[in-house]
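Raw final-v9.txt, compact mmCIF, C-alpha atoms and all ligand atoms:
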```
# COMPACT_ATOMS: atom_id res chain seq x y z
CA MET A 1 -1.25 23.81 -21.59
CA GLU A 2 -1.11 21.52 -18.53
CA THR A 3 1.13 18.55 -19.24
CA ASN A 4 1.20 16.60 -16.00
CA LYS A 5 -2.56 16.25 -15.48
CA LYS A 6 -3.37 12.66 -14.45
CA SER A 7 -5.87 10.88 -16.67
CA VAL A 8 -7.53 7.48 -16.83
CA PRO A 9 -5.25 6.30 -19.70
CA LEU A 10 -2.17 7.39 -17.71
CA ILE A 11 -3.29 5.45 -14.62
CA ARG A 12 -4.00 2.39 -16.76
CA ALA A 13 -0.67 2.70 -18.58
CA HIS A 14 1.17 2.97 -15.26
CA LYS A 15 0.34 -0.69 -14.56
CA ALA A 16 1.60 -1.73 -17.99
CA SER A 17 4.90 -0.02 -17.22
CA GLY A 18 5.34 -1.91 -13.92
CA ALA A 19 3.40 0.37 -11.51
CA ASN A 20 6.58 1.76 -10.06
CA PRO A 21 6.34 3.95 -8.07
CA PRO A 22 2.93 2.84 -6.77
CA ILE A 23 -0.16 4.99 -7.31
CA ALA A 24 -1.04 7.26 -4.36
CA MET A 25 -4.76 7.91 -3.92
CA VAL A 26 -6.48 9.80 -1.11
CA THR A 27 -10.02 10.97 -0.48
CA ALA A 28 -11.03 14.64 -0.44
CA TYR A 29 -14.46 16.18 -0.15
CA ASP A 30 -13.93 19.92 -0.41
CA ALA A 31 -11.68 22.57 -1.92
CA PRO A 32 -9.10 22.86 0.89
CA GLY A 33 -8.76 19.08 1.09
CA ALA A 34 -8.35 18.80 -2.67
CA ARG A 35 -5.75 21.60 -2.71
CA MET A 36 -3.75 19.88 0.05
CA ALA A 37 -3.91 16.48 -1.63
CA ASP A 38 -2.90 17.92 -4.98
CA ALA A 39 -0.05 19.96 -3.52
CA ALA A 40 1.22 16.75 -1.87
CA GLY A 41 1.37 15.08 -5.28
CA VAL A 42 -1.34 12.41 -5.07
CA ASP A 43 -2.21 10.74 -8.36
CA ILE A 44 -5.93 10.24 -7.69
CA ILE A 45 -8.38 12.18 -5.52
CA LEU A 46 -11.37 10.07 -4.55
CA VAL A 47 -14.52 11.91 -3.56
CA GLY A 48 -15.46 8.90 -1.48
CA ASP A 49 -18.82 8.11 0.04
CA SER A 50 -16.81 7.86 3.29
CA LEU A 51 -17.93 11.51 3.20
CA ALA A 52 -20.97 10.22 5.10
CA MET A 53 -18.87 9.04 8.03
CA VAL A 54 -15.87 11.37 8.25
CA VAL A 55 -17.56 14.65 7.29
CA LEU A 56 -21.29 14.27 7.83
CA GLY A 57 -21.22 12.24 11.06
CA TYR A 58 -23.18 9.13 10.00
CA ASP A 59 -22.25 5.65 11.28
CA ASP A 60 -22.06 4.16 7.77
CA THR A 61 -21.99 5.29 4.13
CA LEU A 62 -25.61 4.52 3.28
CA SER A 63 -27.10 7.96 3.90
CA VAL A 64 -25.31 10.00 1.23
CA THR A 65 -27.17 10.68 -2.00
CA ILE A 66 -26.11 11.31 -5.58
CA ASP A 67 -26.79 15.02 -5.01
CA ASP A 68 -24.48 15.04 -1.95
CA MET A 69 -21.75 13.37 -4.01
CA ALA A 70 -22.21 15.82 -6.89
CA TYR A 71 -22.09 18.79 -4.49
CA HIS A 72 -18.77 17.66 -2.99
CA THR A 73 -17.37 16.72 -6.41
CA ARG A 74 -18.01 20.28 -7.60
CA ALA A 75 -16.05 21.65 -4.63
CA VAL A 76 -13.09 19.36 -5.39
CA SER A 77 -13.16 19.89 -9.13
CA ARG A 78 -13.31 23.71 -8.87
CA THR A 79 -9.69 23.55 -7.63
CA ASN A 80 -8.60 22.11 -11.02
CA PRO A 81 -6.35 19.45 -9.47
CA LYS A 82 -3.62 17.73 -11.44
CA ALA A 83 -4.78 14.52 -9.78
CA LEU A 84 -7.46 12.43 -11.48
CA VAL A 85 -10.84 13.04 -9.79
CA VAL A 86 -12.88 9.88 -9.16
CA THR A 87 -16.24 10.01 -7.37
CA ASP A 88 -18.05 7.21 -5.57
CA MET A 89 -21.50 6.29 -6.78
CA PRO A 90 -23.46 6.14 -3.52
CA TRP A 91 -25.67 3.31 -2.38
CA LEU A 92 -28.85 2.88 -4.46
CA SER A 93 -27.60 5.14 -7.27
CA TYR A 94 -26.70 2.10 -9.43
CA HIS A 95 -28.69 -0.77 -7.90
CA ILE A 96 -32.13 -0.12 -9.36
CA GLY A 97 -31.50 -0.19 -13.09
CA VAL A 98 -28.87 0.41 -15.72
CA ARG A 99 -30.50 3.58 -17.15
CA ASP A 100 -30.77 5.02 -13.69
CA ALA A 101 -27.09 4.21 -13.04
CA VAL A 102 -25.93 5.92 -16.26
CA LYS A 103 -27.99 9.04 -15.48
CA ASN A 104 -26.62 9.18 -11.95
CA ALA A 105 -23.03 8.70 -13.09
CA ALA A 106 -23.57 11.49 -15.64
CA LYS A 107 -24.52 13.83 -12.76
CA LEU A 108 -21.13 13.13 -11.19
CA ILE A 109 -19.29 13.64 -14.48
CA ARG A 110 -21.14 16.93 -15.03
CA ALA A 111 -20.10 17.93 -11.50
CA GLY A 112 -16.45 17.47 -12.49
CA ALA A 113 -15.62 13.81 -11.83
CA GLU A 114 -13.41 12.21 -14.46
CA ALA A 115 -14.41 8.68 -13.48
CA VAL A 116 -16.77 6.96 -11.04
CA LYS A 117 -16.21 4.15 -8.56
CA LEU A 118 -18.78 1.54 -7.63
CA GLU A 119 -18.86 -1.47 -5.33
CA GLY A 120 -19.44 -5.08 -6.30
CA GLY A 121 -18.39 -7.74 -8.79
CA ALA A 122 -20.42 -10.16 -10.91
CA ASN A 123 -23.67 -8.50 -9.81
CA ARG A 124 -22.56 -5.13 -11.26
CA ILE A 125 -21.25 -6.20 -14.67
CA LYS A 126 -24.26 -4.90 -16.64
CA VAL A 127 -23.96 -1.51 -15.00
CA VAL A 128 -20.18 -1.31 -15.55
CA LYS A 129 -20.60 -2.17 -19.24
CA ALA A 130 -23.33 0.45 -19.69
CA LEU A 131 -21.21 3.14 -18.03
CA VAL A 132 -18.14 2.29 -20.09
CA ASP A 133 -20.38 2.30 -23.18
CA ALA A 134 -21.48 5.82 -22.20
CA GLU A 135 -17.78 6.84 -22.13
CA ILE A 136 -17.70 7.00 -18.33
CA PRO A 137 -14.54 5.42 -16.89
CA VAL A 138 -15.24 3.09 -13.96
CA MET A 139 -13.11 2.03 -10.99
CA GLY A 140 -14.24 -1.19 -9.26
CA HIS A 141 -14.26 -1.83 -5.50
CA LEU A 142 -14.11 -5.36 -4.02
CA GLY A 143 -13.58 -6.96 -0.62
CA LEU A 144 -15.03 -5.02 2.28
CA THR A 145 -17.53 -2.95 0.35
CA PRO A 146 -19.02 -0.62 2.98
CA GLN A 147 -22.35 -0.26 1.16
CA SER A 148 -22.90 -3.98 1.96
CA ILE A 149 -22.50 -3.45 5.71
CA HIS A 150 -25.87 -4.99 6.58
CA ALA A 151 -25.39 -7.93 4.21
CA PHE A 152 -21.93 -8.54 5.76
CA GLY A 153 -23.19 -7.97 9.31
CA GLY A 154 -20.52 -5.33 10.00
CA PHE A 155 -17.18 -4.02 8.76
CA SER A 156 -15.12 -7.21 8.58
CA VAL A 157 -12.18 -8.58 6.56
CA GLN A 158 -13.35 -10.41 3.41
CA ALA A 159 -12.02 -13.28 1.24
CA LYS A 160 -10.39 -15.10 4.14
CA THR A 161 -11.14 -18.61 2.86
CA LYS A 162 -10.02 -20.30 -0.39
CA GLU A 163 -13.62 -20.33 -1.66
CA ALA A 164 -14.19 -16.64 -0.87
CA ALA A 165 -10.81 -15.70 -2.37
CA LYS A 166 -11.74 -17.51 -5.59
CA VAL A 167 -15.07 -15.67 -5.80
CA LEU A 168 -13.27 -12.36 -5.26
CA LEU A 169 -10.70 -13.07 -7.99
CA ASP A 170 -13.47 -14.20 -10.37
CA ASP A 171 -15.26 -10.91 -9.65
CA ALA A 172 -12.05 -8.98 -10.32
CA VAL A 173 -11.49 -10.68 -13.67
CA GLN A 174 -15.10 -10.07 -14.70
CA LEU A 175 -14.82 -6.39 -13.75
CA GLU A 176 -11.63 -6.09 -15.79
CA GLN A 177 -13.28 -7.79 -18.78
CA SER A 178 -16.20 -5.36 -18.47
CA GLY A 179 -13.86 -2.39 -18.85
CA VAL A 180 -12.96 -1.02 -15.40
CA PHE A 181 -9.66 0.89 -15.45
CA SER A 182 -8.62 -0.10 -11.91
CA ILE A 183 -9.97 -1.88 -8.85
CA VAL A 184 -9.86 -1.00 -5.13
CA PHE A 185 -9.37 -3.97 -2.79
CA GLU A 186 -10.45 -3.18 0.75
CA ALA A 187 -9.70 -5.29 3.84
CA VAL A 188 -8.65 -8.54 2.18
CA PRO A 189 -5.71 -10.79 3.06
CA GLN A 190 -2.39 -9.63 1.60
CA ALA A 191 -1.95 -12.87 -0.35
CA VAL A 192 -5.31 -12.39 -2.08
CA ALA A 193 -4.52 -8.79 -3.06
CA ALA A 194 -1.06 -9.91 -4.25
CA LYS A 195 -2.64 -12.59 -6.46
CA ALA A 196 -5.14 -10.07 -7.87
CA THR A 197 -2.28 -7.68 -8.64
CA GLU A 198 -0.39 -10.46 -10.41
CA ILE A 199 -3.27 -11.65 -12.59
CA LEU A 200 -4.98 -8.34 -13.46
CA ARG A 201 -3.92 -6.03 -16.28
CA VAL A 202 -5.54 -3.01 -14.59
CA PRO A 203 -3.99 -1.43 -11.48
CA THR A 204 -5.05 -2.66 -8.06
CA ILE A 205 -5.36 -0.08 -5.30
CA GLY A 206 -5.32 -1.39 -1.77
CA ILE A 207 -6.70 -0.25 1.55
CA GLY A 208 -5.99 -2.81 4.23
CA ALA A 209 -4.82 -5.14 1.45
CA GLY A 210 -1.06 -5.17 1.98
CA PRO A 211 1.95 -3.77 0.15
CA ASP A 212 1.73 -5.68 -3.14
CA CYS A 213 -1.04 -3.66 -4.76
CA ASP A 214 -0.20 -1.27 -7.59
CA GLY A 215 -1.33 1.62 -5.42
CA GLN A 216 -2.67 2.55 -2.00
CA VAL A 217 -5.61 4.63 -0.81
CA LEU A 218 -6.38 6.13 2.58
CA VAL A 219 -9.17 8.34 3.85
CA PHE A 220 -8.00 11.98 4.23
CA HIS A 221 -9.39 12.40 7.76
CA ASP A 222 -7.92 9.07 8.94
CA LEU A 223 -4.40 9.80 7.74
CA LEU A 224 -4.39 13.36 9.09
CA GLY A 225 -5.75 12.38 12.51
CA LEU A 226 -9.09 14.11 12.00
CA THR A 227 -11.19 11.07 12.92
CA PHE A 228 -12.09 10.27 16.49
CA GLY A 229 -12.81 6.83 17.97
CA HIS A 230 -11.95 3.44 16.45
CA LYS A 231 -8.94 3.42 14.11
CA PRO A 232 -8.79 0.42 11.73
CA LYS A 233 -5.36 -1.28 11.84
CA PHE A 234 -4.65 -0.44 8.19
CA VAL A 235 -4.76 3.29 8.91
CA ARG A 236 -1.37 4.94 9.31
CA ARG A 237 -1.62 8.39 10.86
CA TYR A 238 0.68 10.95 9.26
CA GLY A 239 -0.55 13.87 11.34
CA SER A 240 -2.57 14.87 14.40
CA LEU A 241 -4.59 17.68 12.89
CA GLY A 242 -7.53 16.92 15.19
CA GLU A 243 -5.40 17.56 18.30
CA MET A 244 -3.69 20.54 16.67
CA GLY A 245 -7.09 21.95 15.76
CA ILE A 246 -8.43 21.59 19.31
CA LYS A 247 -5.29 23.32 20.71
CA ALA A 248 -5.68 26.15 18.20
CA LEU A 249 -9.38 26.54 19.05
CA GLU A 250 -8.58 26.53 22.79
CA GLY A 251 -6.15 29.38 22.12
CA TYR A 252 -8.90 31.30 20.33
CA VAL A 253 -11.45 30.71 23.13
CA HIS A 254 -8.84 31.79 25.70
CA ASP A 255 -8.02 35.01 23.82
CA VAL A 256 -11.69 35.90 23.38
CA LYS A 257 -12.41 35.33 27.08
CA MET A 258 -9.30 37.32 28.09
CA LYS A 259 -10.23 40.09 25.62
CA SER A 260 -6.83 39.82 23.94
CA PHE A 261 -8.49 39.08 20.61
CA PRO A 262 -8.95 41.04 18.45
CA ALA A 263 -6.01 43.43 18.74
CA PRO A 264 -6.40 46.99 17.32
CA GLU A 265 -4.41 46.03 14.22
CA GLU A 266 -6.90 43.20 13.57
CA GLY A 267 -9.77 45.68 13.13
CA TYR A 268 -10.73 48.64 10.94
CA GLN A 269 -10.57 52.35 11.85
CA ALA A 270 -12.71 55.15 10.50
CA GLY A 271 -11.15 57.99 8.49
CA GLN A 272 -9.03 60.49 10.45
CA GLY A 273 -11.32 62.52 12.81
CA GLU A 274 -14.42 61.14 11.06
CA LEU A 275 -16.14 59.79 14.19
CA ASP A 276 -14.79 62.36 16.71
CA ASP A 277 -18.18 63.98 17.34
CA PHE A 278 -20.22 60.92 16.49
CA SER A 279 -23.23 60.21 18.65
CA TYR A 280 -26.25 58.02 18.14
CA GLY A 281 -29.32 58.00 20.33
CA ARG A 282 -31.58 55.01 20.06
CA ASN A 283 -35.29 55.88 19.99
O1 LIG B 301 -15.34 6.05 0.27
C1 LIG B 301 -14.13 5.81 0.41
O2 LIG B 301 -13.39 6.54 1.09
C2 LIG B 301 -13.59 4.61 -0.23
C3 LIG B 301 -12.18 4.25 0.06
C4 LIG B 301 -12.08 3.66 1.41
C5 LIG B 301 -11.60 3.37 -0.97
O3 LIG B 301 -14.27 3.97 -0.96
```

Please go through the file and, once you have read it, give me the structure as structure tokens.
Amino acid sequence: METNKKSVPLIRAHKASGANPPIAMVTAYDAPGARMADAAGVDIILVGDSLAMVVLGYDDTLSVTIDDMAYHTRAVSRTNPKALVVTDMPWLSYHIGVRDAVKNAAKLIRAGAEAVKLEGGANRIKVVKALVDAEIPVMGHLGLTPQSIHAFGGFSVQAKTKEAAKVLLDDAVQLEQSGVFSIVFEAVPQAVAAKATEILRVPTIGIGAGPDCDGQVLVFHDLLGLTFGHKPKFVRRYGSLGEMGIKALEGYVHDVKMKSFPAPEEGYQAGQGELDDFSYGRN
């Protein structure tokens, strides 16, 4: 019987006990990524809709569907991680109606997610309540919510004024009252995330929100150096797997061209003498 499996009640209780050490969350979208994250000891694996950008090559997160998210959740969940598996509800999977949202969240749960994450505050309260009522744990996401890219006019820091900070904190309190078990704060001033962490009873998980949150989250490909192009300032790179991968692939291309790959011991031989008098004439 597994004893150290992370669960929603454990993550919630962690805040009550002082959130020390902080919660470590990272995204993963497939089995190798989930195995690496779990072996490293993360508490939460997020099958994020950042999938669209870092794996599928889109410029934003709007193109992934509920079926894409379920497909990648199945790959992660097949590895039976000790980490809690949370999956993002993609754009338009919870915006049209509450029934639709519950059915879509159920697809993710049936694919192996143990909770879902969705973006938004006061405008999502009905949906959050319906999901919680259907026994589906919900993580909130406030601040720079990438599914609102067109409404925001780009990926920009949120809650920079007193008025906007107040709206954000009101949203956070409403989400908590509706039953979310934690909230991600993305790209908000440190002081705002610190205040949210102080006033909320559920854990706050920051990305570009400073050190005071109860936990941190980064995108797998960002932290391992597998993304190319613009790097947001909140990303700390812990590896250069992209460069290492290119070097390894160059080695492979070189060996193929030089005919040094494969070596005899990397192939299969027929039984002793079996093909000695073998001939084949093509008609
Ligand atoms: O999709 C994602 O990766 C996320 C994180 C940035 C929190 O939502």

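The spacing separating CA of Ile246 (chain A) from CA of Asp30 (chain A) amounts to 20.5 Å.
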
At a cut-off of 8 Å and counting all atoms listed in the file, what residues surround ligand LIG 301 (chain B)? Please answer as a VMD selection string. chain A and resid 26 to 27 46 to 51 61 88 117 141 145 to 146 184 to 186 206 to 207 217 to 219

8 Å contact set for Val76 (chain A), all atoms listed in the file, chain neighbours under 2 positions out, as an NGL selection string: :A and (28-31 or 33-34 or 47 or 72-74 or 78-81)

Who sits within 9 Å of Gly41 (chain A), only C-alpha atoms, same chain under 6 positions skipped, as a ChimeraX atom specification: /A:24,82-83

What are the centre and the three edge lengths of an axis-aligned box that wraps all atoms of region 14-31 of chain A in the file, given that 5 Å is added to every side, written as JSON and rounded to one decimal in Å?
```
{"center_x": -3.9, "center_y": 10.3, "center_z": -9.1, "size_x": 31.0, "size_y": 34.5, "size_z": 27.8}
```

All residues 12 Å or closer to Gly18 (chain A), only C-alpha atoms, same chain fewer than 6 positions away omitted, as a count of residues only: 12

Just the number, please: distance in Å from CA of Ala19 (chain A) to CA of Ala113 (chain A), one decimal.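 Computed distance, CA of Ala19 (chain A) to CA of Ala113 (chain A), equals 23.3 Å.
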
With all atoms listed in the file as the atoms that count, which of A:Val127, A:Val42, A:Gln147, A:Lys259 lies nearest to Leu92 (chain A)?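 Of the candidates, the smallest distance to Leu92 (chain A) is held by A:Gln147.
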
Atomic separation - CA of Gly57 (chain A) relative to CA of Gly251 (chain A), Å: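 Between these atoms lies a distance of 25.4 Å.
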
Do you know which residues are at most 8 Å from Gly179 (chain A) counting only C-alpha atoms, after dropping those on the same chain fewer than 6 positions away, and could you put them as a PyMOL selection string? chain A and resi 128-129+132+138

Might you pull out every residue within 12 Å of Ser156 (chain A), with all atoms listed in the file counted and same-chain residues fewer than 3 positions away left off, and present them as a PyMOL selection string? chain A and resi 143-146+148-153+159-160+186-189+208+232-233
